[in-house]
file protein.cif (mmCIF, C-alpha atoms)
data_run
#
loop_
_atom_site.label_atom_id
_atom_site.label_comp_id
_atom_site.auth_asym_id
_atom_site.auth_seq_id
_atom_site.Cartn_x
_atom_site.Cartn_y
_atom_site.Cartn_z
CA MET A 1 0.00 0.00 0.00
CA THR A 2 1.28 3.46 -0.90
CA LEU A 3 0.74 6.10 1.78
CA ASP A 4 0.58 9.83 1.17
CA VAL A 5 2.65 12.07 3.45
CA SER A 6 -0.13 12.85 5.93
CA GLU A 7 -1.09 9.17 6.23
CA ALA A 8 2.54 8.16 6.66
CA LEU A 9 3.15 10.74 9.38
CA GLU A 10 -0.01 9.71 11.25
CA LEU A 11 1.03 6.06 11.16
CA LEU A 12 4.56 6.94 12.28
CA ARG A 13 3.24 8.98 15.21
CA THR A 14 0.47 6.69 16.44
CA GLY A 15 0.99 3.21 15.00
CA THR A 16 1.83 0.23 17.17
CA MET A 17 5.52 -0.57 16.72
CA SER A 18 7.03 -4.04 16.84
CA ILE A 19 10.75 -4.70 16.43
CA GLU A 20 11.54 -7.13 13.60
CA GLY A 21 15.33 -6.92 13.46
CA ARG A 22 18.44 -4.79 13.73
CA LEU A 23 20.54 -3.14 11.02
CA VAL A 24 23.94 -4.34 12.20
CA ASP A 25 26.04 -2.10 9.93
CA ALA A 26 24.83 1.09 11.64
CA SER A 27 27.09 2.76 14.21
CA ASN A 28 24.12 3.57 16.49
CA THR A 29 21.28 1.25 17.48
CA THR A 30 19.10 1.08 14.36
CA LEU A 31 16.08 -1.20 14.38
CA TYR A 32 13.84 -2.41 11.56
CA CYS A 33 10.25 -2.35 12.78
CA GLU A 34 6.68 -2.82 11.65
CA LEU A 35 4.03 -0.19 12.31
CA SER A 36 0.34 -0.98 12.35
CA GLY A 37 -2.80 1.02 12.95
CA ASP A 38 -6.36 1.24 11.59
CA GLY A 39 -5.76 -1.70 9.29
CA VAL A 40 -2.63 -0.11 7.78
CA THR A 41 0.89 -1.53 8.12
CA ALA A 42 4.26 -0.22 7.04
CA ALA A 43 7.93 -0.81 7.77
CA CYS A 44 10.02 1.80 9.54
CA VAL A 45 13.47 2.49 10.96
CA TYR A 46 13.60 3.20 14.70
CA LYS A 47 16.67 4.75 16.34
CA PRO A 48 16.18 5.04 20.10
CA ILE A 49 18.05 7.89 21.77
CA ARG A 50 19.42 5.51 24.39
CA GLY A 51 21.25 3.66 21.59
CA GLU A 52 23.18 6.71 20.36
CA ARG A 53 26.95 6.57 20.77
CA PRO A 54 28.53 9.72 22.26
CA LEU A 55 30.38 11.93 19.77
CA TRP A 56 33.12 14.42 20.57
CA ASP A 57 31.61 17.23 18.46
CA PHE A 58 27.84 16.77 18.93
CA PRO A 59 25.92 17.00 22.24
CA ASP A 60 24.88 13.61 23.63
CA GLY A 61 21.34 12.47 22.97
CA THR A 62 20.59 14.93 20.13
CA LEU A 63 20.98 12.81 16.99
CA ALA A 64 17.33 11.74 16.80
CA GLU A 65 16.15 15.35 16.93
CA ARG A 66 18.63 16.27 14.18
CA GLU A 67 17.19 13.50 11.99
CA VAL A 68 13.69 14.93 12.48
CA ALA A 69 14.96 18.46 11.81
CA ALA A 70 16.38 17.21 8.50
CA TYR A 71 12.92 15.96 7.54
CA VAL A 72 11.41 19.32 8.52
CA VAL A 73 13.85 21.08 6.18
CA SER A 74 13.21 18.59 3.38
CA TYR A 75 9.44 19.00 3.71
CA SER A 76 9.63 22.80 3.79
CA LEU A 77 11.81 22.88 0.68
CA GLY A 78 9.24 20.70 -1.12
CA TRP A 79 12.02 18.45 -2.41
CA ASN A 80 11.01 15.20 -0.69
CA VAL A 81 14.65 14.44 0.04
CA VAL A 82 14.10 12.71 3.40
CA PRO A 83 11.46 10.02 4.05
CA PRO A 84 8.71 10.99 6.54
CA THR A 85 10.30 11.10 10.00
CA VAL A 86 8.99 11.76 13.52
CA LEU A 87 10.17 11.78 17.12
CA ARG A 88 8.15 9.46 19.34
CA ASP A 89 8.21 6.91 22.11
CA GLY A 90 8.94 3.30 21.18
CA PRO A 91 9.81 -0.07 22.67
CA LEU A 92 13.22 1.25 23.80
CA GLY A 93 12.13 4.76 24.66
CA GLU A 94 11.97 7.98 22.67
CA GLY A 95 13.69 8.01 19.32
CA MET A 96 13.61 8.79 15.65
CA VAL A 97 11.09 6.80 13.58
CA GLN A 98 11.35 7.00 9.78
CA LEU A 99 9.31 5.37 7.05
CA TRP A 100 11.25 2.54 5.42
CA MET A 101 11.92 2.97 1.71
CA ASP A 102 12.49 -0.05 -0.52
CA GLY A 103 15.12 1.26 -2.92
CA ASP A 104 15.96 0.03 -6.39
CA GLU A 105 18.69 -2.52 -5.69
CA THR A 106 19.66 -2.69 -9.37
CA VAL A 107 21.20 0.81 -9.17
CA ASP A 108 24.99 0.94 -8.83
CA LEU A 109 25.61 3.51 -6.08
CA ALA A 110 29.22 4.06 -7.15
CA ARG A 111 27.95 5.12 -10.55
CA LEU A 112 24.92 6.97 -9.20
CA ILE A 113 26.99 9.49 -7.24
CA ARG A 114 28.63 10.61 -10.50
CA ASP A 115 25.40 10.91 -12.51
CA ASP A 116 24.10 14.38 -13.33
CA LEU A 117 20.58 13.95 -11.96
CA PRO A 118 18.20 16.63 -10.63
CA PRO A 119 17.53 14.64 -7.43
CA LEU A 120 21.26 14.59 -6.66
CA ARG A 121 21.62 18.30 -7.33
CA ARG A 122 18.83 18.92 -4.83
CA MET A 123 20.56 16.57 -2.39
CA VAL A 124 23.75 18.65 -2.62
CA LEU A 125 21.90 21.84 -1.70
CA PHE A 126 19.95 20.09 1.04
CA ASP A 127 23.19 18.76 2.55
CA SER A 128 24.68 22.23 2.42
CA ILE A 129 21.67 23.70 4.25
CA VAL A 130 21.67 21.09 7.02
CA ASN A 131 25.48 20.94 7.12
CA ASN A 132 25.54 17.17 6.68
CA ALA A 133 28.81 15.79 8.01
CA ASP A 134 28.29 12.28 6.65
CA ARG A 135 26.78 11.97 3.15
CA LYS A 136 28.03 8.53 2.24
CA GLY A 137 27.02 6.77 -0.96
CA GLY A 138 25.23 4.18 1.15
CA HIS A 139 23.04 6.91 2.64
CA LEU A 140 21.37 7.41 -0.74
CA ILE A 141 18.27 5.38 -1.60
CA PRO A 142 17.52 5.42 -5.35
CA MET A 143 13.92 4.55 -6.10
CA VAL A 144 12.28 2.95 -9.12
CA GLY A 145 11.32 5.91 -11.28
CA GLY A 146 14.43 7.99 -10.56
CA HIS A 147 13.75 9.71 -7.24
CA VAL A 148 16.54 9.57 -4.66
CA TYR A 149 16.07 9.73 -0.90
CA GLY A 150 18.73 10.52 1.67
CA VAL A 151 18.89 8.96 5.14
CA ASP A 152 21.10 9.06 8.26
CA HIS A 153 21.17 12.77 9.11
CA GLY A 154 22.05 12.51 12.79
CA VAL A 155 25.36 14.35 12.39
CA SER A 156 23.90 17.46 10.80
CA PHE A 157 23.17 21.08 11.79
CA HIS A 158 26.49 21.74 13.53
CA GLN A 159 27.29 25.45 13.87
CA GLN A 160 30.75 24.96 12.36
CA ASP A 161 31.23 24.03 8.72
CA LYS A 162 31.36 20.22 8.65
CA LEU A 163 29.99 19.42 5.19
CA ARG A 164 31.35 16.04 4.11
CA THR A 165 29.85 14.36 1.09
CA VAL A 166 30.58 12.12 -1.88
CA LEU A 167 28.56 14.52 -4.07
CA TRP A 168 31.08 17.12 -5.26
CA SER A 169 30.51 16.80 -9.03
CA TRP A 170 28.80 20.21 -9.22
CA ALA A 171 31.09 22.16 -6.88
CA GLY A 172 31.19 25.79 -8.00
CA ASP A 173 28.55 25.38 -10.74
CA ALA A 174 25.90 28.09 -10.98
CA LEU A 175 22.52 27.39 -9.42
CA SER A 176 19.46 27.23 -11.63
CA ASP A 177 16.73 29.85 -11.38
CA ASP A 178 14.39 27.19 -9.98
CA ALA A 179 16.86 26.32 -7.23
CA ILE A 180 17.28 29.99 -6.32
CA ASP A 181 13.50 30.43 -6.18
CA ASP A 182 13.12 27.40 -3.90
CA LEU A 183 15.91 28.60 -1.61
CA SER A 184 14.42 32.11 -1.48
CA GLU A 185 11.02 30.77 -0.47
CA PHE A 186 12.61 28.52 2.12
CA ARG A 187 14.58 31.45 3.56
CA ALA A 188 11.37 33.43 3.97
CA ARG A 189 9.78 30.53 5.87
CA LEU A 190 12.69 30.56 8.31
CA GLU A 191 11.22 33.77 9.78
CA GLY A 192 7.91 32.13 10.71
CA GLU A 193 6.56 28.71 11.67
CA LEU A 194 9.61 26.93 10.28
CA ASP A 195 11.78 28.81 12.77
CA GLU A 196 9.56 27.55 15.58
CA ALA A 197 9.61 23.97 14.29
CA LEU A 198 13.40 23.87 14.02
CA SER A 199 13.91 25.64 17.35
CA ALA A 200 11.99 22.83 19.05
CA LEU A 201 14.62 20.39 17.77
CA LEU A 202 17.85 22.42 17.59
CA THR A 203 19.52 25.21 19.54
CA ARG A 204 18.91 28.81 18.59
CA ARG A 205 22.51 29.09 17.39
CA GLU A 206 22.08 26.05 15.17
CA VAL A 207 18.92 27.51 13.64
CA ALA A 208 20.75 30.80 13.07
CA ALA A 209 23.49 28.83 11.30
CA VAL A 210 20.87 27.38 8.96
CA ARG A 211 19.93 30.95 7.99
CA ARG A 212 23.56 31.84 7.35
CA ARG A 213 24.10 28.83 5.13
CA VAL A 214 21.01 29.59 3.04
CA ASP A 215 22.05 33.25 2.78
CA ARG A 216 25.47 32.17 1.54
CA LEU A 217 23.95 29.95 -1.15
CA LEU A 218 21.71 32.81 -2.28
CA THR A 219 24.61 35.28 -2.30
CA GLU A 220 27.07 33.07 -4.12
CA ARG A 221 24.40 31.46 -6.35
CA SER A 222 26.56 28.40 -6.83
CA TYR A 223 26.93 24.88 -5.49
CA PRO A 224 29.15 24.58 -2.42
CA GLU A 225 32.84 23.81 -2.67
CA PRO A 226 35.07 22.08 -0.11
CA SER A 227 36.13 24.56 2.55
CA GLY A 228 39.59 23.11 3.18
CA ASP A 229 38.95 23.30 6.94
CA TRP A 230 37.38 19.85 7.22
CA PRO A 231 37.78 16.57 5.31
CA ALA A 232 35.57 16.93 2.24
CA ILE A 233 34.65 13.24 1.86
CA PRO A 234 33.40 10.96 4.67
CA TRP A 235 35.27 7.79 5.46
CA PRO A 236 34.40 5.20 4.48
CA PRO A 237 32.64 6.81 1.48
CA PHE A 238 30.06 3.98 1.25
#
call {"tool": "encode", "arguments": {"input": "protein.cif", "output": "structure tokens"}}
result
Amino acid sequence: MTLDVSEALELLRTGTMSIEGRLVDASNTTLYCELSGDGVTAACVYKPIRGERPLWDFPDGTLAEREVAAYVVSYSLGWNVVPPTVLRDGPLGEGMVQLWMDGDETVDLARLIRDDLPPLRRMVLFDSIVNNADRKGGHLIPMVGGHVYGVDHGVSFHQQDKLRTVLWSWAGDALSDDAIDDLSEFRARLEGELDEALSALLTRREVAAVRRRVDRLLTERSYPEPSGDWPAIPWPPF
């Protein structure tokens, strides 16, 4: 069954969750679960806060909220970059719960990251806005039909420039008029309800940093380039 966004969010927030397994390759506790409610079922990813490993550069216990903030940004941009994501209680306590996406397993990720595709161009700008410090190739989910989702945004929204990504093919290229329009509309929303939504998940300084990053994109009107102050590519890259 295909759910629209409102249906997916309602199921994520209120559905009964049962743990089916664990994704063992993840650095933090990441559980594959089934959600059910009102005769509807769907798979999801559940990352309980208690399963987060401490990091030297991010406050403890904040990764789940950063994942939800990434969805808030994705939704506000209208780019559908991040699958529907909520913060809720679960079998192991409060955590991030995200709709599971069955990607197209025939797609070669090593080739995908070099393809000139509109979804990847949007992903680059999204990562720049949220300051994603870990855009690995394996964090991309190509779908049948060409859309590409991004997942694993727990190490995002740092105040300092920490952009690390495998998507540098467009570094320095000029932004399209459509991209500039979308960014301009998003920037305007940052002065209203979007500011409130992000401030419930991030610190005020982190939200202010989001504004600065969007302003920089609109001023430079080009795709981001490596800063030289931080490793440009995550390791491992996949």
call {"tool": "atom_distance", "arguments": {"input": "protein.cif", "atom1": "atom CA of Gly78 of chain A", "atom2": "atom CA of Arg187 of chain A"}}
result
12.9 Å
call {"tool": "closest_residue", "arguments": {"input": "protein.cif", "among": "A:Gly21, A:Pro142, A:Pro84, A:Gly154", "to": "Phe58 of chain A", "atoms": "all atoms listed in the file"}}
result
A:Gly154
call {"tool": "atom_distance", "arguments": {"input": "protein.cif", "atom1": "atom CA of Val68 of chain A", "atom2": "atom CA of Leu201 of chain A"}}
result
7.7 Å
call {"tool": "residues_around", "arguments": {"input": "protein.cif", "residues": "Val72 of chain A", "least_positions_apart": "6", "cutoff": "10 Å", "atoms": "all atoms listed in the file", "output": "ChimeraX atom specification"}}
result
/A:66,78,82,84-86,194,197-198,201
call {"tool": "resolve_selection", "arguments": {"input": "protein.cif", "expression": "the PyMOL selection byres ((chain A and resi 73) around 12)", "output": "short mmCIF file (atom, residue, chain, number, x, y, z; two decimals) with C-alpha atoms, keeping the file's coordinate frame"}}
result
data_model
loop_
_atom_site.label_atom_id
_atom_site.label_comp_id
_atom_site.auth_asym_id
_atom_site.auth_seq_id
_atom_site.Cartn_x
_atom_site.Cartn_y
_atom_site.Cartn_z
CA ARG A 66 18.63 16.27 14.18
CA GLU A 67 17.19 13.50 11.99
CA VAL A 68 13.69 14.93 12.48
CA ALA A 69 14.96 18.46 11.81
CA ALA A 70 16.38 17.21 8.50
CA TYR A 71 12.92 15.96 7.54
CA VAL A 72 11.41 19.32 8.52
CA SER A 74 13.21 18.59 3.38
CA TYR A 75 9.44 19.00 3.71
CA SER A 76 9.63 22.80 3.79
CA LEU A 77 11.81 22.88 0.68
CA GLY A 78 9.24 20.70 -1.12
CA TRP A 79 12.02 18.45 -2.41
CA ASN A 80 11.01 15.20 -0.69
CA VAL A 81 14.65 14.44 0.04
CA VAL A 82 14.10 12.71 3.40
CA PRO A 83 11.46 10.02 4.05
CA PRO A 84 8.71 10.99 6.54
CA THR A 85 10.30 11.10 10.00
CA MET A 123 20.56 16.57 -2.39
CA LEU A 125 21.90 21.84 -1.70
CA PHE A 126 19.95 20.09 1.04
CA ASP A 127 23.19 18.76 2.55
CA SER A 128 24.68 22.23 2.42
CA ILE A 129 21.67 23.70 4.25
CA VAL A 130 21.67 21.09 7.02
CA ASN A 131 25.48 20.94 7.12
CA HIS A 153 21.17 12.77 9.11
CA SER A 156 23.90 17.46 10.80
CA PHE A 157 23.17 21.08 11.79
CA ASP A 182 13.12 27.40 -3.90
CA LEU A 183 15.91 28.60 -1.61
CA PHE A 186 12.61 28.52 2.12
CA ARG A 187 14.58 31.45 3.56
CA ARG A 189 9.78 30.53 5.87
CA LEU A 190 12.69 30.56 8.31
CA GLU A 193 6.56 28.71 11.67
CA LEU A 194 9.61 26.93 10.28
CA ASP A 195 11.78 28.81 12.77
CA ALA A 197 9.61 23.97 14.29
CA LEU A 198 13.40 23.87 14.02
CA LEU A 201 14.62 20.39 17.77
CA VAL A 207 18.92 27.51 13.64
CA VAL A 210 20.87 27.38 8.96
CA ARG A 211 19.93 30.95 7.99
CA VAL A 214 21.01 29.59 3.04
#
call {"tool": "residues_around", "arguments": {"input": "protein.cif", "residues": "His147 of chain A", "least_positions_apart": "5", "cutoff": "10 Å", "atoms": "only C-alpha atoms", "output": "PDB file with C-alpha atoms, in the coordinates of the input"}}
result
ATOM      1  CA  ASN A  80      11.010  15.200  -0.690  1.00  0.00           C
ATOM      2  CA  VAL A  81      14.650  14.440   0.040  1.00  0.00           C
ATOM      3  CA  GLY A 103      15.120   1.260  -2.920  1.00  0.00           C
ATOM      4  CA  ASP A 104      15.960   0.030  -6.390  1.00  0.00           C
ATOM      5  CA  LEU A 117      20.580  13.950 -11.960  1.00  0.00           C
ATOM      6  CA  PRO A 118      18.200  16.630 -10.630  1.00  0.00           C
ATOM      7  CA  PRO A 119      17.530  14.640  -7.430  1.00  0.00           C
ATOM      8  CA  LEU A 120      21.260  14.590  -6.660  1.00  0.00           C
ATOM      9  CA  ILE A 141      18.270   5.380  -1.600  1.00  0.00           C
ATOM     10  CA  PRO A 142      17.520   5.420  -5.350  1.00  0.00           C
TER      11      PRO A 142
END
call {"tool": "closest_residue", "arguments": {"input": "protein.cif", "among": "A:Asp4, A:Lys162, A:His139, A:Met17", "to": "Ala110 of chain A", "atoms": "only C-alpha atoms"}}
result
A:His139
call {"tool": "closest_residue", "arguments": {"input": "protein.cif", "among": "A:Asp152, A:Asp25, A:Glu225, A:Glu191", "to": "Gly172 of chain A", "atoms": "only C-alpha atoms"}}
result
A:Glu225
call {"tool": "atom_distance", "arguments": {"input": "protein.cif", "atom1": "atom CA of Arg213 of chain A", "atom2": "atom CA of Gln159 of chain A"}}
result
9.9 Å
call {"tool": "residues_around", "arguments": {"input": "protein.cif", "residues": "Glu34 of chain A", "least_positions_apart": "4", "cutoff": "8 Å", "atoms": "only C-alpha atoms", "output": "ChimeraX atom specification"}}
result
/A:16-20,41-44
call {"tool": "residues_around", "arguments": {"input": "protein.cif", "residues": "Thr30 of chain A", "least_positions_apart": "5", "cutoff": "7 Å", "atoms": "only C-alpha atoms", "output": "ChimeraX atom specification"}}
result
/A:22-23,45-47
call {"tool": "write_last_selection", "arguments": {"input": "protein.cif", "atoms": "C-alpha atoms", "output": "mmCIF file, keeping the file's coordinate frame"}}
result
data_model
loop_
_atom_site.group_PDB
_atom_site.id
_atom_site.type_symbol
_atom_site.label_atom_id
_atom_site.label_comp_id
_atom_site.auth_asym_id
_atom_site.auth_seq_id
_atom_site.Cartn_x
_atom_site.Cartn_y
_atom_site.Cartn_z
ATOM 1 C CA ARG A 22 18.440 -4.790 13.730
ATOM 2 C CA LEU A 23 20.540 -3.140 11.020
ATOM 3 C CA VAL A 45 13.470 2.490 10.960
ATOM 4 C CA TYR A 46 13.600 3.200 14.700
ATOM 5 C CA LYS A 47 16.670 4.750 16.340
#
call {"tool": "decode", "arguments": {"input": "protein.cif", "residues": "segment 14-49 of chain A", "atoms": "C-alpha atoms", "output": "PDB file, in the first residue's frame"}}
result
ATOM      1  CA  THR A  14       0.465   6.694  16.443  1.00  0.00           C
ATOM      2  CA  GLY A  15       0.990   3.208  15.000  1.00  0.00           C
ATOM      3  CA  THR A  16       1.830   0.234  17.166  1.00  0.00           C
ATOM      4  CA  MET A  17       5.516  -0.568  16.719  1.00  0.00           C
ATOM      5  CA  SER A  18       7.032  -4.035  16.841  1.00  0.00           C
ATOM      6  CA  ILE A  19      10.752  -4.702  16.433  1.00  0.00           C
ATOM      7  CA  GLU A  20      11.539  -7.128  13.601  1.00  0.00           C
ATOM      8  CA  GLY A  21      15.331  -6.924  13.460  1.00  0.00           C
ATOM      9  CA  ARG A  22      18.439  -4.793  13.727  1.00  0.00           C
ATOM     10  CA  LEU A  23      20.541  -3.142  11.019  1.00  0.00           C
ATOM     11  CA  VAL A  24      23.937  -4.341  12.196  1.00  0.00           C
ATOM     12  CA  ASP A  25      26.042  -2.104   9.931  1.00  0.00           C
ATOM     13  CA  ALA A  26      24.827   1.085  11.641  1.00  0.00           C
ATOM     14  CA  SER A  27      27.086   2.756  14.210  1.00  0.00           C
ATOM     15  CA  ASN A  28      24.122   3.566  16.488  1.00  0.00           C
ATOM     16  CA  THR A  29      21.278   1.253  17.482  1.00  0.00           C
ATOM     17  CA  THR A  30      19.100   1.076  14.364  1.00  0.00           C
ATOM     18  CA  LEU A  31      16.075  -1.196  14.381  1.00  0.00           C
ATOM     19  CA  TYR A  32      13.844  -2.413  11.564  1.00  0.00           C
ATOM     20  CA  CYS A  33      10.247  -2.346  12.782  1.00  0.00           C
ATOM     21  CA  GLU A  34       6.680  -2.822  11.645  1.00  0.00           C
ATOM     22  CA  LEU A  35       4.035  -0.189  12.313  1.00  0.00           C
ATOM     23  CA  SER A  36       0.338  -0.983  12.349  1.00  0.00           C
ATOM     24  CA  GLY A  37      -2.803   1.024  12.953  1.00  0.00           C
ATOM     25  CA  ASP A  38      -6.362   1.241  11.590  1.00  0.00           C
ATOM     26  CA  GLY A  39      -5.757  -1.703   9.289  1.00  0.00           C
ATOM     27  CA  VAL A  40      -2.626  -0.114   7.779  1.00  0.00           C
ATOM     28  CA  THR A  41       0.885  -1.528   8.120  1.00  0.00           C
ATOM     29  CA  ALA A  42       4.263  -0.223   7.038  1.00  0.00           C
ATOM     30  CA  ALA A  43       7.927  -0.809   7.774  1.00  0.00           C
ATOM     31  CA  CYS A  44      10.024   1.801   9.540  1.00  0.00           C
ATOM     32  CA  VAL A  45      13.471   2.493  10.965  1.00  0.00           C
ATOM     33  CA  TYR A  46      13.601   3.195  14.702  1.00  0.00           C
ATOM     34  CA  LYS A  47      16.675   4.753  16.336  1.00  0.00           C
ATOM     35  CA  PRO A  48      16.182   5.045  20.097  1.00  0.00           C
ATOM     36  CA  ILE A  49      18.048   7.886  21.773  1.00  0.00           C
TER      37      ILE A  49
END
